[in-house]
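Structure file query_39.txt; described as compact mmCIF, N, CA and C atoms.
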# COMPACT_ATOMS: atom_id res chain seq x y z
N MET W 22 -6.29 2.73 -10.27
CA MET W 22 -5.37 2.17 -9.31
C MET W 22 -4.11 1.80 -10.06
N GLU W 23 -2.98 2.03 -9.43
CA GLU W 23 -1.71 1.71 -10.04
C GLU W 23 -1.14 0.48 -9.36
N HIS W 24 -0.50 -0.38 -10.13
CA HIS W 24 0.08 -1.59 -9.59
C HIS W 24 1.59 -1.49 -9.61
N ALA W 25 2.24 -2.12 -8.65
CA ALA W 25 3.70 -2.10 -8.57
C ALA W 25 4.30 -2.86 -9.74
N SER W 26 5.27 -2.24 -10.42
CA SER W 26 5.96 -2.92 -11.50
C SER W 26 7.30 -3.47 -11.03
N VAL W 27 7.76 -3.05 -9.85
CA VAL W 27 8.98 -3.56 -9.25
C VAL W 27 8.57 -4.30 -7.98
N VAL W 28 8.87 -5.58 -7.92
CA VAL W 28 8.50 -6.39 -6.76
C VAL W 28 9.70 -6.49 -5.82
N PRO W 29 9.52 -6.20 -4.53
CA PRO W 29 10.63 -6.27 -3.58
C PRO W 29 11.26 -7.67 -3.56
N ALA W 30 12.57 -7.72 -3.36
CA ALA W 30 13.30 -8.99 -3.31
C ALA W 30 12.74 -9.93 -2.24
N ALA W 31 12.15 -9.36 -1.19
CA ALA W 31 11.58 -10.17 -0.11
C ALA W 31 10.34 -10.95 -0.55
N LEU W 32 9.78 -10.61 -1.72
CA LEU W 32 8.55 -11.25 -2.22
C LEU W 32 8.76 -11.79 -3.63
N PRO W 33 9.69 -12.71 -3.83
CA PRO W 33 10.05 -13.12 -5.19
C PRO W 33 8.90 -13.67 -6.03
N GLY W 34 7.92 -14.33 -5.44
CA GLY W 34 6.83 -14.91 -6.21
C GLY W 34 5.64 -13.99 -6.40
N CYS W 35 5.65 -12.84 -5.78
CA CYS W 35 4.48 -11.96 -5.80
C CYS W 35 4.21 -11.39 -7.19
N GLY W 36 5.22 -11.12 -7.95
CA GLY W 36 5.03 -10.52 -9.26
C GLY W 36 4.67 -11.49 -10.36
N THR W 37 4.71 -12.78 -10.07
CA THR W 37 4.45 -13.76 -11.12
C THR W 37 3.02 -14.29 -11.13
N ARG W 38 2.22 -13.90 -10.16
CA ARG W 38 0.84 -14.38 -10.07
C ARG W 38 -0.13 -13.23 -10.22
N PRO W 39 -1.07 -13.32 -11.15
CA PRO W 39 -2.01 -12.22 -11.37
C PRO W 39 -2.98 -11.99 -10.21
N ASP W 40 -3.13 -12.97 -9.32
CA ASP W 40 -4.05 -12.83 -8.19
C ASP W 40 -3.35 -12.32 -6.94
N ARG W 41 -2.12 -11.85 -7.05
CA ARG W 41 -1.36 -11.33 -5.90
C ARG W 41 -0.95 -9.89 -6.14
N ALA W 42 -0.79 -9.14 -5.06
CA ALA W 42 -0.38 -7.75 -5.15
C ALA W 42 0.57 -7.42 -4.00
N VAL W 43 1.52 -6.53 -4.26
CA VAL W 43 2.45 -6.07 -3.24
C VAL W 43 1.71 -5.14 -2.29
N ALA W 44 1.92 -5.35 -1.00
CA ALA W 44 1.34 -4.48 0.02
C ALA W 44 2.39 -4.28 1.11
N VAL W 45 2.14 -3.33 1.98
CA VAL W 45 3.02 -3.06 3.10
C VAL W 45 2.15 -2.79 4.31
N GLN W 46 2.61 -3.20 5.49
CA GLN W 46 1.89 -2.84 6.71
C GLN W 46 2.89 -2.51 7.80
N ILE W 47 2.44 -1.73 8.78
CA ILE W 47 3.25 -1.37 9.93
C ILE W 47 2.64 -2.06 11.14
N VAL W 48 3.42 -2.92 11.79
CA VAL W 48 2.96 -3.66 12.96
C VAL W 48 3.99 -3.46 14.07
N GLU W 49 3.52 -2.98 15.21
CA GLU W 49 4.38 -2.77 16.38
C GLU W 49 5.63 -1.98 16.03
N GLY W 50 5.47 -0.93 15.22
CA GLY W 50 6.58 -0.03 14.90
C GLY W 50 7.52 -0.53 13.82
N THR W 51 7.20 -1.64 13.17
CA THR W 51 8.06 -2.16 12.11
C THR W 51 7.26 -2.30 10.82
N ALA W 52 7.81 -1.79 9.73
CA ALA W 52 7.16 -1.91 8.43
C ALA W 52 7.63 -3.20 7.77
N LYS W 53 6.70 -3.90 7.09
CA LYS W 53 7.09 -5.11 6.38
C LYS W 53 6.26 -5.27 5.11
N PHE W 54 6.90 -5.88 4.09
CA PHE W 54 6.21 -6.15 2.83
C PHE W 54 5.32 -7.37 2.97
N LEU W 55 4.22 -7.38 2.24
CA LEU W 55 3.30 -8.51 2.17
C LEU W 55 2.98 -8.78 0.71
N CYS W 56 2.66 -10.02 0.42
CA CYS W 56 2.12 -10.38 -0.87
C CYS W 56 0.71 -10.86 -0.58
N THR W 57 -0.28 -10.12 -1.05
CA THR W 57 -1.65 -10.40 -0.64
C THR W 57 -2.55 -10.72 -1.83
N SER W 58 -3.58 -11.47 -1.54
CA SER W 58 -4.60 -11.74 -2.55
C SER W 58 -5.88 -10.99 -2.22
N GLN W 59 -5.82 -10.14 -1.18
CA GLN W 59 -7.00 -9.41 -0.74
C GLN W 59 -6.67 -7.92 -0.65
N GLY W 60 -7.67 -7.10 -0.86
CA GLY W 60 -7.49 -5.67 -0.66
C GLY W 60 -7.38 -5.36 0.81
N ILE W 61 -6.48 -4.50 1.18
CA ILE W 61 -6.32 -4.13 2.58
C ILE W 61 -7.08 -2.83 2.84
N TYR W 62 -6.82 -1.82 2.02
CA TYR W 62 -7.62 -0.60 2.07
C TYR W 62 -8.26 -0.49 0.69
N VAL W 63 -9.52 -0.77 0.62
CA VAL W 63 -10.18 -0.80 -0.68
C VAL W 63 -11.25 0.27 -0.83
N GLY W 64 -11.59 0.94 0.23
CA GLY W 64 -12.58 2.01 0.13
C GLY W 64 -14.01 1.51 0.01
N ALA W 65 -14.88 2.46 -0.19
CA ALA W 65 -16.32 2.16 -0.27
C ALA W 65 -16.66 1.49 -1.60
N PRO W 66 -17.72 0.70 -1.62
CA PRO W 66 -18.15 0.06 -2.87
C PRO W 66 -18.49 1.08 -3.95
N LEU W 67 -18.23 0.69 -5.20
CA LEU W 67 -18.53 1.54 -6.34
C LEU W 67 -19.88 1.20 -6.94
N ASN W 68 -20.56 2.17 -7.47
CA ASN W 68 -21.77 1.97 -8.26
C ASN W 68 -22.80 1.05 -7.61
N GLY W 69 -22.96 1.15 -6.31
CA GLY W 69 -23.96 0.34 -5.62
C GLY W 69 -23.59 -1.13 -5.48
N GLY W 70 -22.37 -1.49 -5.84
CA GLY W 70 -21.93 -2.89 -5.73
C GLY W 70 -21.62 -3.28 -4.30
N SER W 71 -21.22 -4.51 -4.11
CA SER W 71 -20.91 -4.99 -2.77
C SER W 71 -19.42 -5.09 -2.51
N LYS W 72 -18.59 -4.93 -3.55
CA LYS W 72 -17.14 -5.00 -3.38
C LYS W 72 -16.56 -3.60 -3.30
N GLY W 73 -15.54 -3.43 -2.44
CA GLY W 73 -14.88 -2.14 -2.30
C GLY W 73 -13.90 -1.90 -3.43
N GLY W 74 -13.23 -0.75 -3.36
CA GLY W 74 -12.22 -0.45 -4.34
C GLY W 74 -12.33 0.91 -4.96
N GLY W 75 -13.27 1.70 -4.51
CA GLY W 75 -13.48 2.98 -5.15
C GLY W 75 -12.73 4.15 -4.57
N LYS W 76 -12.25 4.06 -3.37
CA LYS W 76 -11.62 5.19 -2.71
C LYS W 76 -10.23 5.44 -3.27
N VAL W 77 -9.95 6.68 -3.63
CA VAL W 77 -8.64 7.08 -4.12
C VAL W 77 -8.11 8.16 -3.20
N LEU W 78 -6.87 8.02 -2.75
CA LEU W 78 -6.22 9.05 -1.96
C LEU W 78 -5.53 9.98 -2.96
N GLU W 79 -6.16 11.12 -3.23
CA GLU W 79 -5.66 12.06 -4.24
C GLU W 79 -4.33 12.67 -3.79
N TYR W 80 -3.52 13.13 -4.75
CA TYR W 80 -2.25 13.79 -4.46
C TYR W 80 -2.46 14.91 -3.44
N GLY W 81 -1.61 14.93 -2.43
CA GLY W 81 -1.68 15.96 -1.41
C GLY W 81 -2.60 15.64 -0.25
N GLN W 82 -3.41 14.58 -0.38
CA GLN W 82 -4.32 14.20 0.71
C GLN W 82 -3.61 13.26 1.68
N THR W 83 -4.05 13.32 2.95
CA THR W 83 -3.51 12.45 3.99
C THR W 83 -4.66 11.70 4.64
N LEU W 84 -4.43 10.43 4.91
CA LEU W 84 -5.39 9.57 5.60
C LEU W 84 -4.70 9.07 6.86
N ILE W 85 -5.35 9.21 8.02
CA ILE W 85 -4.77 8.73 9.28
C ILE W 85 -5.68 7.65 9.84
N VAL W 86 -5.10 6.46 10.05
CA VAL W 86 -5.84 5.32 10.59
C VAL W 86 -5.00 4.68 11.69
N ARG W 87 -5.55 4.62 12.89
CA ARG W 87 -4.89 3.98 14.03
C ARG W 87 -3.45 4.46 14.23
N GLY W 88 -3.23 5.76 14.10
CA GLY W 88 -1.92 6.35 14.35
C GLY W 88 -0.95 6.30 13.19
N THR W 89 -1.36 5.74 12.08
CA THR W 89 -0.51 5.72 10.88
C THR W 89 -1.06 6.75 9.90
N ALA W 90 -0.18 7.66 9.47
CA ALA W 90 -0.56 8.70 8.52
C ALA W 90 0.00 8.35 7.15
N CYS W 91 -0.87 8.34 6.14
CA CYS W 91 -0.46 8.08 4.76
C CYS W 91 -0.78 9.30 3.92
N THR W 92 0.21 9.75 3.15
CA THR W 92 0.06 10.91 2.28
C THR W 92 0.38 10.51 0.85
N SER W 93 -0.48 10.90 -0.07
CA SER W 93 -0.29 10.61 -1.49
C SER W 93 0.45 11.76 -2.15
N THR W 94 1.53 11.45 -2.86
CA THR W 94 2.29 12.44 -3.62
C THR W 94 2.55 11.86 -5.02
N THR W 95 3.12 12.67 -5.89
CA THR W 95 3.44 12.18 -7.23
C THR W 95 4.55 11.12 -7.18
N ALA W 96 5.30 11.05 -6.07
CA ALA W 96 6.36 10.05 -5.91
C ALA W 96 5.81 8.71 -5.41
N GLY W 97 4.60 8.70 -4.88
CA GLY W 97 4.00 7.48 -4.33
C GLY W 97 3.23 7.79 -3.07
N VAL W 98 2.88 6.76 -2.33
CA VAL W 98 2.17 6.93 -1.07
C VAL W 98 3.16 6.64 0.06
N ARG W 99 3.31 7.60 0.96
CA ARG W 99 4.22 7.46 2.10
C ARG W 99 3.38 7.34 3.35
N CYS W 100 3.63 6.26 4.11
CA CYS W 100 2.92 6.04 5.37
C CYS W 100 3.94 5.99 6.49
N ASP W 101 3.60 6.61 7.64
CA ASP W 101 4.53 6.74 8.75
C ASP W 101 3.79 6.57 10.06
N SER W 102 4.42 5.83 10.97
CA SER W 102 3.90 5.68 12.32
C SER W 102 5.08 5.65 13.27
N GLY W 103 5.23 6.69 14.07
CA GLY W 103 6.31 6.74 15.04
C GLY W 103 7.70 6.71 14.42
N GLY W 104 7.86 7.30 13.24
CA GLY W 104 9.17 7.34 12.59
C GLY W 104 9.49 6.13 11.73
N HIS W 105 8.61 5.14 11.70
CA HIS W 105 8.80 3.96 10.85
C HIS W 105 7.68 3.91 9.84
N GLY W 106 7.98 3.35 8.67
CA GLY W 106 6.94 3.27 7.67
C GLY W 106 7.44 2.80 6.33
N PHE W 107 6.80 3.33 5.28
CA PHE W 107 7.13 2.89 3.93
C PHE W 107 6.72 3.93 2.90
N LEU W 108 7.34 3.80 1.72
CA LEU W 108 6.93 4.51 0.52
C LEU W 108 6.63 3.41 -0.49
N ILE W 109 5.46 3.46 -1.08
CA ILE W 109 5.11 2.47 -2.09
C ILE W 109 4.63 3.20 -3.33
N ALA W 110 5.17 2.79 -4.47
CA ALA W 110 4.84 3.39 -5.76
C ALA W 110 4.92 2.33 -6.83
N ALA W 111 4.53 2.67 -8.04
CA ALA W 111 4.55 1.70 -9.13
C ALA W 111 5.96 1.21 -9.42
N ASP W 112 6.96 2.09 -9.28
CA ASP W 112 8.32 1.73 -9.66
C ASP W 112 9.28 1.53 -8.50
N GLN W 113 8.82 1.66 -7.26
CA GLN W 113 9.71 1.44 -6.11
C GLN W 113 8.93 1.23 -4.84
N GLN W 114 9.52 0.49 -3.93
CA GLN W 114 8.98 0.30 -2.59
C GLN W 114 10.14 0.39 -1.62
N GLN W 115 9.96 1.16 -0.54
CA GLN W 115 11.01 1.33 0.45
C GLN W 115 10.41 1.23 1.84
N LEU W 116 11.13 0.55 2.72
CA LEU W 116 10.77 0.51 4.14
C LEU W 116 11.74 1.43 4.88
N PHE W 117 11.27 2.05 5.96
CA PHE W 117 12.18 2.87 6.79
C PHE W 117 11.75 2.78 8.24

Now that the file is in, can you turn its structure into structure tokens?
Amino acid sequence: MEHASVVPAALPGCGTRPDRAVAVQIVEGTAKFLCTSQGIYVGAPLNGGSKGGGKVLEYGQTLIVRGTACTSTTAGVRCDSGGHGFLIAADQQQLF
């Protein structure tokens, strides 16, 4: 898993706490940044454990959940719903 090295200006404290991570969600057609302490999409548990985190969206793969399509590329993960969404990567985050 890759972590964001550039924290959006909207989340000034997110990069200073090891228990927080940059996330993005699309709600009612608007994308917004979040600073979360919980996994949002964590996938199936690994090695018979009870915690998620094993699912990886490989380059070129697309995942569609509740009308939002996310595609993994070498530039990052781009998610779109009705023309609005985000690109999130280790070195940049953009809302559109």

- Task: Would you kindly identify which residues have an atom no farther than 5 Å from (11.2, 1.2, 8.8), using all atoms listed in the file and the file's own coordinates, and write them out as an MDAnalysis selection string?
- Result: chainID W and resid 52 105:106 116:117

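Excluding region 88-101 of chain W itself and any same-chain residue fewer than 6 positions from it, the protein and nucleic acid residues within 7 Å of it, counting only N, CA and C atoms, are Leu78, Glu79, Tyr80, Gly81, Gln82, Phe107, Leu108, Ile109, Ala110 and Ala111 of chain W.
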
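Here atom N of Gly103 (chain W) is placed at a distance of 14.2 Å from CA of Lys53 (chain W).
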
- Task: Take CA of Ala31 (chain W) and atom N of Thr83 (chain W) and report the distance between them in Å, one decimal.
- Result: 28.4 Å

- In terms of the shortest atom-to-atom distance over only C-alpha atoms, which of W:Arg87, W:Gly104, W:Asp112, W:Val77 is closest to Val27 (chain W)?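 Checking each of W:Arg87, W:Gly104, W:Asp112, W:Val77 against Val27 (chain W), counting only C-alpha atoms, the winner is W:Asp112.
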
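Distance-wise, atom N of Gln114 (chain W) and atom N of Ile85 (chain W) end up 21.0 Å apart.
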
Surrounding residues of Thr57 (chain W) excluding itself and chain neighbours under 2 positions, 6 Å, all atoms listed in the file, as a PDB file with N, CA and C atoms, keeping the file's coordinate frame:
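Dumped to result-v5.pdb:
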ATOM      1  N   ASP W  40      -3.130 -12.970  -9.320  1.00  0.00           N
ATOM      2  CA  ASP W  40      -4.050 -12.830  -8.190  1.00  0.00           C
ATOM      3  C   ASP W  40      -3.350 -12.320  -6.940  1.00  0.00           C
ATOM      4  N   ARG W  41      -2.120 -11.850  -7.050  1.00  0.00           N
ATOM      5  CA  ARG W  41      -1.360 -11.330  -5.900  1.00  0.00           C
ATOM      6  C   ARG W  41      -0.950  -9.890  -6.140  1.00  0.00           C
ATOM      7  N   ALA W  42      -0.790  -9.140  -5.060  1.00  0.00           N
ATOM      8  CA  ALA W  42      -0.380  -7.750  -5.150  1.00  0.00           C
ATOM      9  C   ALA W  42       0.570  -7.420  -4.000  1.00  0.00           C
ATOM     10  N   VAL W  43       1.520  -6.530  -4.260  1.00  0.00           N
ATOM     11  CA  VAL W  43       2.450  -6.070  -3.240  1.00  0.00           C
ATOM     12  C   VAL W  43       1.710  -5.140  -2.290  1.00  0.00           C
ATOM     13  N   ALA W  44       1.920  -5.350  -1.000  1.00  0.00           N
ATOM     14  CA  ALA W  44       1.340  -4.480   0.020  1.00  0.00           C
ATOM     15  C   ALA W  44       2.390  -4.280   1.110  1.00  0.00           C
ATOM     16  N   LEU W  55       4.220  -7.380   2.240  1.00  0.00           N
ATOM     17  CA  LEU W  55       3.300  -8.510   2.170  1.00  0.00           C
ATOM     18  C   LEU W  55       2.980  -8.780   0.710  1.00  0.00           C
ATOM     19  N   GLN W  59      -5.820 -10.140  -1.180  1.00  0.00           N
ATOM     20  CA  GLN W  59      -7.000  -9.410  -0.740  1.00  0.00           C
ATOM     21  C   GLN W  59      -6.670  -7.920  -0.650  1.00  0.00           C
TER      22      GLN W  59
END
